[in-house]
$ cat work.txt   # compact mmCIF, C-alpha atoms
# COMPACT_ATOMS: atom_id res chain seq x y z
CA MET A 1 112.71 119.16 78.37
CA THR A 2 110.84 116.56 76.29
CA ASP A 3 107.11 116.58 75.55
CA ILE A 4 106.72 113.47 77.71
CA THR A 5 108.44 115.19 80.63
CA ASN A 6 106.18 118.22 80.24
CA ILE A 7 103.08 116.01 80.23
CA TYR A 8 104.37 114.10 83.24
CA LYS A 9 105.03 117.27 85.22
CA LYS A 10 101.81 119.03 84.22
CA TYR A 11 99.21 116.28 84.52
CA GLN A 12 100.62 113.89 87.11
CA ALA A 13 100.65 115.17 90.68
CA GLN A 14 104.19 115.72 91.92
CA THR A 15 105.64 115.14 95.39
CA PHE A 16 109.18 116.43 94.90
CA PRO A 17 110.52 119.63 93.25
CA SER A 18 113.21 117.79 91.26
CA PRO A 19 112.38 114.12 90.52
CA SER A 20 115.00 112.01 88.77
CA LEU A 21 112.79 111.64 85.65
CA LEU A 22 114.11 108.23 84.69
CA HIS A 23 111.72 107.10 81.94
CA VAL A 24 111.23 103.39 82.55
CA LYS A 25 110.98 101.13 79.51
CA SER A 26 111.37 97.75 81.23
CA ALA A 27 112.72 96.07 84.35
CA SER A 28 114.03 92.58 84.99
CA GLY A 29 115.90 91.02 87.89
CA SER A 30 118.18 93.64 89.42
CA TYR A 31 118.03 96.04 86.45
CA ILE A 32 115.81 98.82 85.11
CA LYS A 33 116.11 99.95 81.49
CA ASP A 34 115.19 103.40 80.13
CA TYR A 35 114.03 104.40 76.62
CA ASP A 36 117.62 104.95 75.51
CA ASP A 37 118.15 101.26 76.38
CA LYS A 38 120.51 102.24 79.16
CA GLU A 39 120.53 99.73 82.02
CA TYR A 40 120.60 100.74 85.66
CA LEU A 41 121.62 98.37 88.45
CA ASP A 42 118.89 98.81 91.05
CA PHE A 43 120.05 99.21 94.66
CA VAL A 44 116.62 100.56 95.68
CA ALA A 45 114.07 97.90 94.61
CA GLY A 46 111.15 100.30 94.68
CA VAL A 47 112.09 101.25 98.28
CA SER A 48 112.28 97.63 99.47
CA ALA A 49 109.15 96.58 97.54
CA CYS A 50 110.57 94.49 94.69
CA SER A 51 111.90 91.90 97.10
CA ILE A 52 112.69 89.11 94.63
CA GLY A 53 113.65 91.27 91.67
CA HIS A 54 111.73 92.92 88.86
CA CYS A 55 109.36 90.71 86.87
CA ASN A 56 110.20 87.54 88.77
CA LYS A 57 108.96 84.73 86.51
CA GLN A 58 107.21 82.80 89.28
CA VAL A 59 105.27 85.88 90.38
CA THR A 60 104.52 87.03 86.84
CA THR A 61 103.24 83.59 85.79
CA ALA A 62 101.03 83.32 88.88
CA VAL A 63 99.58 86.78 88.26
CA LYS A 64 98.85 86.01 84.59
CA ASN A 65 97.09 82.79 85.56
CA GLN A 66 94.99 84.62 88.16
CA ILE A 67 94.06 87.42 85.73
CA ASN A 68 92.64 84.79 83.40
CA LYS A 69 90.43 83.47 86.23
CA TYR A 70 89.09 86.62 87.87
CA SER A 71 90.17 89.97 89.24
CA HIS A 72 88.04 91.99 91.69
CA VAL A 73 84.71 90.30 92.43
CA MET A 74 83.44 91.64 95.77
CA VAL A 75 84.38 93.82 98.72
CA TYR A 76 86.79 92.25 101.19
CA GLY A 77 85.51 89.45 103.40
CA GLU A 78 82.32 88.42 101.59
CA TYR A 79 83.39 85.73 99.13
CA ILE A 80 85.90 82.91 99.53
CA GLN A 81 88.75 83.68 97.15
CA ASP A 82 91.63 81.22 96.79
CA PRO A 83 94.46 83.83 96.67
CA GLN A 84 93.29 85.37 99.94
CA TYR A 85 92.82 82.31 102.11
CA LYS A 86 95.93 80.56 100.76
CA LEU A 87 98.09 83.58 101.57
CA ALA A 88 96.50 83.95 105.02
CA LYS A 89 97.22 80.30 105.81
CA LEU A 90 100.82 80.47 104.54
CA LEU A 91 101.46 83.54 106.66
CA ALA A 92 99.99 81.83 109.73
CA ASP A 93 102.20 78.79 109.08
CA ASN A 94 105.26 81.02 109.30
CA LEU A 95 104.25 83.22 112.24
CA PRO A 96 103.77 82.60 115.97
CA GLU A 97 100.39 81.19 116.97
CA SER A 98 99.29 84.56 118.40
CA LEU A 99 99.61 86.06 114.89
CA SER A 100 97.27 83.69 113.11
CA THR A 101 94.74 85.90 111.35
CA SER A 102 95.42 88.42 108.58
CA TYR A 103 93.41 91.35 107.28
CA PHE A 104 94.67 92.31 103.81
CA THR A 105 94.90 95.93 102.72
CA ASN A 106 96.11 97.83 99.66
CA SER A 107 99.20 99.33 101.30
CA GLY A 108 101.31 99.69 104.41
CA ALA A 109 99.63 102.93 105.48
CA GLU A 110 96.24 101.19 105.33
CA ALA A 111 97.64 98.38 107.47
CA ILE A 112 98.68 100.96 110.07
CA GLU A 113 95.24 102.58 109.99
CA GLY A 114 93.62 99.19 110.55
CA ALA A 115 96.01 98.32 113.37
CA ILE A 116 95.28 101.56 115.22
CA LYS A 117 91.54 100.93 114.93
CA LEU A 118 91.94 97.34 116.06
CA ALA A 119 93.95 98.35 119.13
CA LYS A 120 91.28 100.84 120.17
CA ARG A 121 88.58 98.25 119.59
CA ILE A 122 90.39 95.67 121.74
CA ASN A 123 91.01 97.69 124.90
CA LYS A 124 88.63 100.64 124.51
CA ARG A 125 91.40 103.20 125.03
CA SER A 126 92.33 106.09 122.74
CA GLU A 127 95.97 106.90 123.48
CA ILE A 128 98.56 105.77 120.93
CA ILE A 129 102.27 106.14 121.65
CA TYR A 130 104.81 106.40 118.84
CA CYS A 131 108.54 107.10 118.50
CA LYS A 132 110.45 110.18 117.42
CA ASP A 133 111.71 109.86 113.83
CA SER A 134 109.23 107.08 113.09
CA TYR A 135 107.48 106.79 109.74
CA HIS A 136 104.30 104.77 109.30
CA GLY A 137 102.71 106.29 106.18
CA SER A 138 101.09 109.51 104.99
CA THR A 139 97.38 108.95 105.57
CA HIS A 140 95.82 110.92 108.41
CA GLY A 141 96.04 108.28 111.13
CA ALA A 142 99.54 107.18 110.08
CA LEU A 143 100.61 110.82 109.95
CA SER A 144 99.37 111.26 113.52
CA VAL A 145 101.93 108.71 114.71
CA MET A 146 104.76 110.00 112.52
CA GLY A 147 107.74 111.19 114.54
CA ASN A 148 108.61 114.26 112.48
CA GLU A 149 106.81 117.56 112.97
CA GLU A 150 107.94 119.10 109.66
CA TYR A 151 105.82 116.62 107.73
CA LYS A 152 102.84 116.95 110.09
CA SER A 153 102.47 120.65 110.84
CA ASN A 154 100.54 121.69 107.73
CA TYR A 155 97.96 118.92 108.15
CA ARG A 156 96.79 119.48 111.71
CA PRO A 157 94.53 118.82 113.50
CA LEU A 158 95.45 115.14 113.44
CA ILE A 159 93.84 112.38 115.49
CA PRO A 160 94.01 113.18 119.23
CA ASP A 161 95.75 111.35 122.09
CA CYS A 162 98.93 110.51 120.18
CA LYS A 163 102.09 110.91 122.28
CA GLN A 164 105.73 110.72 121.29
CA ILE A 165 108.56 108.87 123.03
CA ILE A 166 112.24 108.75 122.12
CA TYR A 167 113.39 105.66 120.23
CA ASN A 168 115.86 103.59 122.27
CA LYS A 169 115.56 105.90 125.30
CA LEU A 170 114.43 103.87 128.31
CA GLU A 171 113.25 106.88 130.34
CA SER A 172 110.71 107.68 127.62
CA LEU A 173 108.87 104.44 128.36
CA GLU A 174 107.47 106.05 131.52
CA LYS A 175 104.88 107.67 129.26
CA ILE A 176 103.24 104.26 128.82
CA THR A 177 100.38 104.05 131.34
CA ASP A 178 97.05 102.33 131.86
CA LYS A 179 95.54 105.02 129.61
CA THR A 180 97.60 103.85 126.65
CA SER A 181 95.93 101.68 124.05
CA ALA A 182 99.01 100.72 122.02
CA VAL A 183 102.63 101.52 121.32
CA ILE A 184 103.60 101.46 117.65
CA VAL A 185 107.27 100.88 116.89
CA GLU A 186 109.56 99.90 114.01
CA THR A 187 112.16 97.22 114.71
CA ILE A 188 114.36 99.24 112.34
CA GLN A 189 113.37 102.84 111.69
CA GLY A 190 112.88 103.19 107.95
CA ALA A 191 113.01 106.96 107.42
CA SER A 192 115.82 108.08 109.71
CA GLY A 193 118.72 105.99 108.41
CA PHE A 194 117.85 102.39 109.37
CA ILE A 195 118.36 102.74 113.12
CA GLU A 196 117.78 99.45 114.98
CA ALA A 197 115.75 99.16 118.16
CA SER A 198 118.00 97.97 120.96
CA GLN A 199 117.09 94.72 122.68
CA ASP A 200 117.07 96.49 126.05
CA PHE A 201 114.60 99.08 124.75
CA LEU A 202 112.29 96.40 123.39
CA ASN A 203 112.53 94.33 126.58
CA GLN A 204 111.61 97.27 128.78
CA LEU A 205 108.86 98.27 126.34
CA LYS A 206 107.38 94.79 126.62
CA LYS A 207 107.49 94.90 130.42
CA LYS A 208 105.72 98.28 130.59
CA CYS A 209 103.08 97.10 128.15
CA ILE A 210 102.40 93.90 130.11
CA VAL A 211 102.04 95.81 133.40
CA ASN A 212 99.62 98.32 131.86
CA ASN A 213 97.78 95.91 129.53
CA VAL A 214 98.97 97.85 126.49
CA LEU A 215 99.22 96.40 122.98
CA ILE A 216 102.43 96.40 120.96
CA ILE A 217 102.12 97.14 117.23
CA PHE A 218 105.22 96.35 115.19
CA ASP A 219 105.50 98.22 111.90
CA GLU A 220 107.35 95.71 109.69
CA ILE A 221 106.28 97.32 106.44
CA GLN A 222 109.91 97.53 105.28
CA THR A 223 111.47 94.73 107.33
CA CYS A 224 109.14 91.85 106.38
CA PHE A 225 109.71 88.97 103.96
CA GLY A 226 113.43 88.45 104.50
CA ARG A 227 114.76 91.98 104.18
CA THR A 228 116.76 91.78 107.44
CA GLY A 229 117.94 88.17 107.15
CA LYS A 230 114.89 86.77 108.94
CA LEU A 231 111.43 86.34 107.46
CA PHE A 232 110.19 89.03 109.87
CA GLY A 233 112.31 91.59 111.68
CA PHE A 234 110.92 90.79 115.13
CA GLU A 235 112.52 87.34 114.85
CA HIS A 236 115.86 89.01 115.62
CA THR A 237 114.37 89.97 118.99
CA LYS A 238 112.58 87.96 121.66
CA ILE A 239 109.47 90.12 121.35
CA VAL A 240 106.31 89.00 119.55
CA PRO A 241 103.93 91.91 118.86
CA ASP A 242 100.21 91.84 119.53
CA ILE A 243 99.59 93.30 116.07
CA LEU A 244 101.95 93.03 113.11
CA CYS A 245 101.82 95.34 110.08
CA ILE A 246 103.48 94.28 106.82
CA ALA A 247 103.53 95.49 103.20
CA LYS A 248 106.16 96.60 100.62
CA GLY A 249 108.26 93.48 99.92
CA MET A 250 105.39 91.10 100.63
CA GLY A 251 103.94 91.83 97.20
CA GLY A 252 107.06 91.23 95.13
CA GLY A 253 106.33 94.48 93.30
CA TYR A 254 102.52 94.41 93.56
CA PRO A 255 100.46 96.54 95.96
CA ILE A 256 99.37 94.77 99.13
CA GLY A 257 99.60 95.14 102.90
CA ALA A 258 98.23 93.40 105.97
CA PHE A 259 97.69 93.79 109.68
CA ILE A 260 97.84 90.55 111.59
CA SER A 261 96.84 89.50 115.10
CA SER A 262 95.13 86.62 116.91
CA TRP A 263 91.78 85.29 115.72
CA GLU A 264 90.20 86.53 118.95
CA ASN A 265 91.45 90.07 118.37
CA MET A 266 90.63 90.21 114.66
CA ASN A 267 87.15 88.78 115.22
CA LYS A 268 86.27 91.95 117.16
CA LEU A 269 85.95 93.71 113.80
CA THR A 270 82.86 91.58 113.04
CA HIS A 271 80.58 93.09 115.69
CA ASN A 272 79.91 96.23 117.76
CA PRO A 273 79.81 97.45 115.04
CA LYS A 274 79.68 94.81 112.34
CA LEU A 275 81.86 95.70 109.35
CA GLY A 276 84.28 97.25 111.85
CA HIS A 277 86.88 97.73 109.14
CA ILE A 278 85.93 97.81 105.46
CA THR A 279 87.88 97.91 102.20
CA THR A 280 86.77 97.46 98.60
CA PHE A 281 90.08 96.53 96.97
CA GLY A 282 92.01 95.32 100.02
CA GLY A 283 93.02 91.71 99.56
CA HIS A 284 92.76 92.11 95.80
CA PRO A 285 93.20 88.67 94.20
CA ILE A 286 96.07 89.88 92.02
CA GLY A 287 97.99 91.33 94.96
CA CYS A 288 97.34 88.23 97.09
CA THR A 289 98.43 85.96 94.24
CA ALA A 290 101.66 87.94 93.86
CA SER A 291 102.30 87.84 97.60
CA TYR A 292 101.63 84.10 97.84
CA ALA A 293 104.04 83.46 94.95
CA THR A 294 106.62 85.81 96.49
CA LEU A 295 106.50 84.13 99.90
CA ASN A 296 106.72 80.66 98.37
CA TYR A 297 109.69 81.75 96.26
CA ILE A 298 111.50 83.13 99.31
CA LEU A 299 110.78 80.03 101.40
CA ASN A 300 111.63 77.49 98.70
CA ASN A 301 114.79 79.03 97.25
CA ASN A 302 116.89 79.62 100.37
CA ILE A 303 116.73 83.37 99.77
CA ILE A 304 116.93 84.28 103.46
CA ASP A 305 119.99 82.07 104.04
CA SER A 306 122.01 84.27 101.68
CA ILE A 307 121.09 87.67 103.15
CA ASN A 308 123.71 87.77 105.92
CA GLU A 309 126.44 86.83 103.45
CA LYS A 310 125.35 89.62 101.10
CA GLU A 311 125.28 92.13 103.96
CA GLU A 312 128.82 91.12 104.90
CA LEU A 313 129.93 91.59 101.29
CA PHE A 314 128.46 95.11 101.19
CA ARG A 315 130.19 96.00 104.47
CA LYS A 316 133.49 94.53 103.28
CA LEU A 317 133.45 96.40 99.96
CA LEU A 318 132.05 99.74 101.11
CA VAL A 319 135.07 101.04 102.95
CA HIS A 320 135.84 104.68 102.16
CA LYS A 321 136.91 107.76 104.09
CA LYS A 322 133.63 109.51 103.21
CA ILE A 323 131.52 106.65 104.62
CA LYS A 324 131.45 107.46 108.34
CA SER A 325 129.34 104.45 109.31
CA ILE A 326 126.96 101.81 107.92
CA SER A 327 123.76 101.13 109.84
CA GLY A 328 120.93 98.70 109.29
CA LYS A 329 120.67 94.94 108.93
CA GLY A 330 120.57 92.46 106.06
CA LEU A 331 119.86 94.16 102.74
CA MET A 332 118.53 97.26 104.48
CA LEU A 333 121.66 99.39 104.78
CA SER A 334 122.37 103.08 105.28
CA LEU A 335 125.67 104.77 104.39
CA ASP A 336 126.19 107.83 106.58
CA LEU A 337 128.25 110.42 104.73
CA HIS A 338 127.71 113.22 107.30
CA ASP A 339 127.17 115.62 104.38
CA SER A 340 123.80 116.33 102.74
CA ILE A 341 125.32 118.01 99.66
CA GLU A 342 127.69 115.08 99.12
CA THR A 343 124.78 112.65 99.48
CA ILE A 344 122.86 114.34 96.67
CA ARG A 345 125.97 114.50 94.48
CA VAL A 346 126.76 110.81 94.98
CA VAL A 347 123.21 109.61 94.28
CA GLU A 348 122.95 111.74 91.12
CA SER A 349 126.41 110.85 89.78
CA CYS A 350 125.89 107.14 90.44
CA MET A 351 122.67 107.29 88.46
CA LYS A 352 124.58 108.72 85.50
CA ASP A 353 126.94 105.76 85.82
CA GLY A 354 124.08 103.25 85.85
CA LEU A 355 123.55 102.67 89.58
CA LEU A 356 120.30 103.56 91.35
CA LEU A 357 120.51 104.69 94.97
CA PHE A 358 118.04 106.69 97.05
CA TYR A 359 117.59 109.03 100.00
CA PHE A 360 115.96 108.94 103.44
CA LEU A 361 112.96 111.02 104.39
CA PHE A 362 114.31 112.30 107.72
CA ASN A 363 118.05 111.94 107.16
CA ASP A 364 119.60 113.98 104.37
CA SER A 365 123.21 112.90 104.95
CA SER A 366 122.80 109.17 104.33
CA VAL A 367 122.40 106.97 101.26
CA ARG A 368 119.83 104.14 101.17
CA ILE A 369 120.78 100.68 99.89
CA THR A 370 117.89 98.21 99.62
CA PRO A 371 118.44 96.03 96.52
CA PRO A 372 116.33 93.01 95.59
CA LEU A 373 117.02 90.10 97.92
CA THR A 374 117.92 88.09 94.81
CA ILE A 375 120.81 90.36 93.87
CA THR A 376 123.94 88.36 93.08
CA ASN A 377 127.36 88.81 94.64
CA LYS A 378 128.66 89.84 91.22
CA GLU A 379 126.02 92.57 90.98
CA ILE A 380 126.87 93.75 94.51
CA GLU A 381 130.53 94.01 93.52
CA LYS A 382 129.63 95.89 90.34
CA GLY A 383 127.41 98.38 92.16
CA CYS A 384 129.88 98.97 94.99
CA LYS A 385 132.61 99.66 92.44
CA ILE A 386 130.46 102.37 90.85
CA LEU A 387 129.60 103.81 94.26
CA LEU A 388 133.23 103.94 95.43
CA LYS A 389 134.27 105.55 92.13
CA ASN A 390 131.75 108.32 92.64
CA LEU A 391 132.70 108.79 96.27
CA ASP A 392 136.24 109.44 94.97
$ encode --input "work.txt" --output "structure tokens"
Amino acid sequence: MTDITNIYKKYQAQTFPSPSLLHVKSASGSYIKDYDDKEYLDFVAGVSACSIGHCNKQVTTAVKNQINKYSHVMVYGEYIQDPQYKLAKLLADNLPESLSTSYFTNSGAEAIEGAIKLAKRINKRSEIIYCKDSYHGSTHGALSVMGNEEYKSNYRPLIPDCKQIIYNKLESLEKITDKTSAVIVETIQGASGFIEASQDFLNQLKKKCIVNNVLIIFDEIQTCFGRTGKLFGFEHTKIVPDILCIAKGMGGGYPIGAFISSWENMNKLTHNPKLGHITTFGGHPIGCTASYATLNYILNNNIIDSINEKEELFRKLLVHKKIKSISGKGLMLSLDLHDSIETIRVVESCMKDGLLLFYFLFNDSSVRITPPLTITNKEIEKGCKILLKNLD
């Protein structure tokens, strides 16, 4: 074990008993390079965060220009800052009219926390309903609506009045009543193997929420900014949420999140009490600059138009007796191997061969594939060849 590894393990808080320990020297496009100058084709993209590749020139240039102007100047919402209002307007231009006003945060978990508060502020109810096997972050409120008890049990008591339903099970929707403030749901579950919400489930969810005056919160932290072949995942459905949470890929590799609703809803955070939701670094000008550049790059370079073709190429190439099924949509794919030991072996052996893959939090028998949206067909073919070799 090197001195650097010892320092890393001793002084930097760890979250996993056996991290991969790849020592990153640089990253560009679809590749990460270590200090031995070995290149790794990246099929993970920082868990869907590096949406348009590592060190995208348009994003990097915009960030450098902004750094030379100013960085943090004041807590969120006090001063007019160009990166913030420009990003808010561009988002509104590409969302339904009922999702016109954005509150920028530092992360996806913070967006969830803000959305839960906003829902309670809107209808003065406390009950939040969430789905089994859902993942919305690790902060206390987000943990309260996580659908996995193993990750929650050692941190109780959590926030009260949170109830679980079963994803895609229509009978579960009976738990939604006039006591419910909001239902929080992922259009594709990010931690359990990229399971899609059925249209029937979402339709019935919408009906129950309308009848009981309940808000729908869509967690699109992983599915936003083109990941599924649409700019936002809910565009595959006919359901528009009351509150939308986004993060990860919206920053193009920089930290940022947002919860978005109507102006009328968001304005409730200005009174009773005033400063109803506060953040110091949320909406940081660097993060907003990166996000604005990322969204413009996606919109102006026909990135989304290519996603379905790339998904089809992955599905065409990844045919193997050990791959039992492929779930997910767009460049958000899960290979189910039905074998947790084999999953670990494949991920580790592919890394040795220069291909980065990753795991799921609640599903130990599947392999995650979430490359940059800018990955080329040639790179897809190269990576799939390595993967199939190691499956053999």
$ atom_distance --input "work.txt" --atom1 "CA of Trp263 (chain A)" --atom2 "CA of Ile298 (chain A)"
25.7 Å
$ atom_distance --input "work.txt" --atom1 "CA of Tyr130 (chain A)" --atom2 "CA of Lys152 (chain A)"
13.8 Å
$ atom_distance --input "work.txt" --atom1 "CA of Ile128 (chain A)" --atom2 "CA of Lys208 (chain A)"
14.2 Å
$ closest_residue --input "work.txt" --among "A:Asp42, A:Asp392, A:Glu309, A:Glu379" --to "Ser349 (chain A)" --atoms "only C-alpha atoms"
A:Asp392
$ residues_near_point --input "work.txt" --point "(110.9, 88.7, 119.0)" --cutoff "12 Å" --atoms "all atoms listed in the file" --output "list in words"
Leu95, Pro96, Thr187, Ala197, Ser198, Gln199, Leu202, Asn203, Lys206, Ile216, Phe218, Lys230, Leu231, Phe232, Gly233, Phe234, Glu235, His236, Thr237, Lys238, Ile239, Val240, Pro241, Asp242 and Leu244 of chain A
$ residues_around --input "work.txt" --residues "Val63 (chain A)" --least-positions-apart "6" --cutoff "12 Å" --atoms "only C-alpha atoms" --output "list in words"
Cys55, Asn56, Lys57, Lys69, Tyr70, Ser71, Pro83, Gly251, Gly252, Gly253, Tyr254, His284, Pro285, Ile286, Gly287, Cys288, Thr289, Ala290, Ser291, Tyr292, Ala293 and Thr294 of chain A
$ closest_residue --input "work.txt" --among "A:Gly257, A:Gly249, A:Pro160, A:Gly328" --to "Ile195 (chain A)" --atoms "all atoms listed in the file"
A:Gly328
$ decode --input "work.txt" --residues "region 211-223 of chain A" --atoms "N, CA and C atoms" --output "compact mmCIF listing (two decimals), in the first residue's frame"
# COMPACT_ATOMS: atom_id res chain seq x y z
N VAL A 211 -57.69 13.89 -6.63
CA VAL A 211 -58.87 13.72 -5.76
C VAL A 211 -58.60 14.21 -4.35
N ASN A 212 -57.39 13.96 -3.84
CA ASN A 212 -57.07 14.29 -2.45
C ASN A 212 -56.25 15.57 -2.30
N ASN A 213 -56.08 16.31 -3.42
CA ASN A 213 -55.32 17.57 -3.38
C ASN A 213 -53.92 17.35 -2.83
N VAL A 214 -53.26 16.34 -3.36
CA VAL A 214 -51.91 15.95 -2.94
C VAL A 214 -50.92 16.34 -4.02
N LEU A 215 -49.75 16.80 -3.62
CA LEU A 215 -48.71 17.21 -4.56
C LEU A 215 -47.88 16.02 -5.02
N ILE A 216 -47.44 16.07 -6.26
CA ILE A 216 -46.52 15.06 -6.79
C ILE A 216 -45.14 15.69 -6.91
N ILE A 217 -44.16 15.06 -6.27
CA ILE A 217 -42.75 15.45 -6.38
C ILE A 217 -42.06 14.38 -7.23
N PHE A 218 -41.50 14.78 -8.35
CA PHE A 218 -40.69 13.86 -9.15
C PHE A 218 -39.22 14.09 -8.83
N ASP A 219 -38.56 13.01 -8.42
CA ASP A 219 -37.11 13.03 -8.23
C ASP A 219 -36.47 12.68 -9.56
N GLU A 220 -35.96 13.70 -10.25
CA GLU A 220 -35.27 13.50 -11.53
C GLU A 220 -33.79 13.84 -11.39
N ILE A 221 -33.26 13.54 -10.22
CA ILE A 221 -31.86 13.87 -9.95
C ILE A 221 -30.93 13.12 -10.91
N GLN A 222 -31.28 11.87 -11.24
CA GLN A 222 -30.46 11.11 -12.20
C GLN A 222 -30.98 11.19 -13.62
N THR A 223 -32.27 11.42 -13.80
CA THR A 223 -32.86 11.31 -15.13
C THR A 223 -32.93 12.62 -15.89
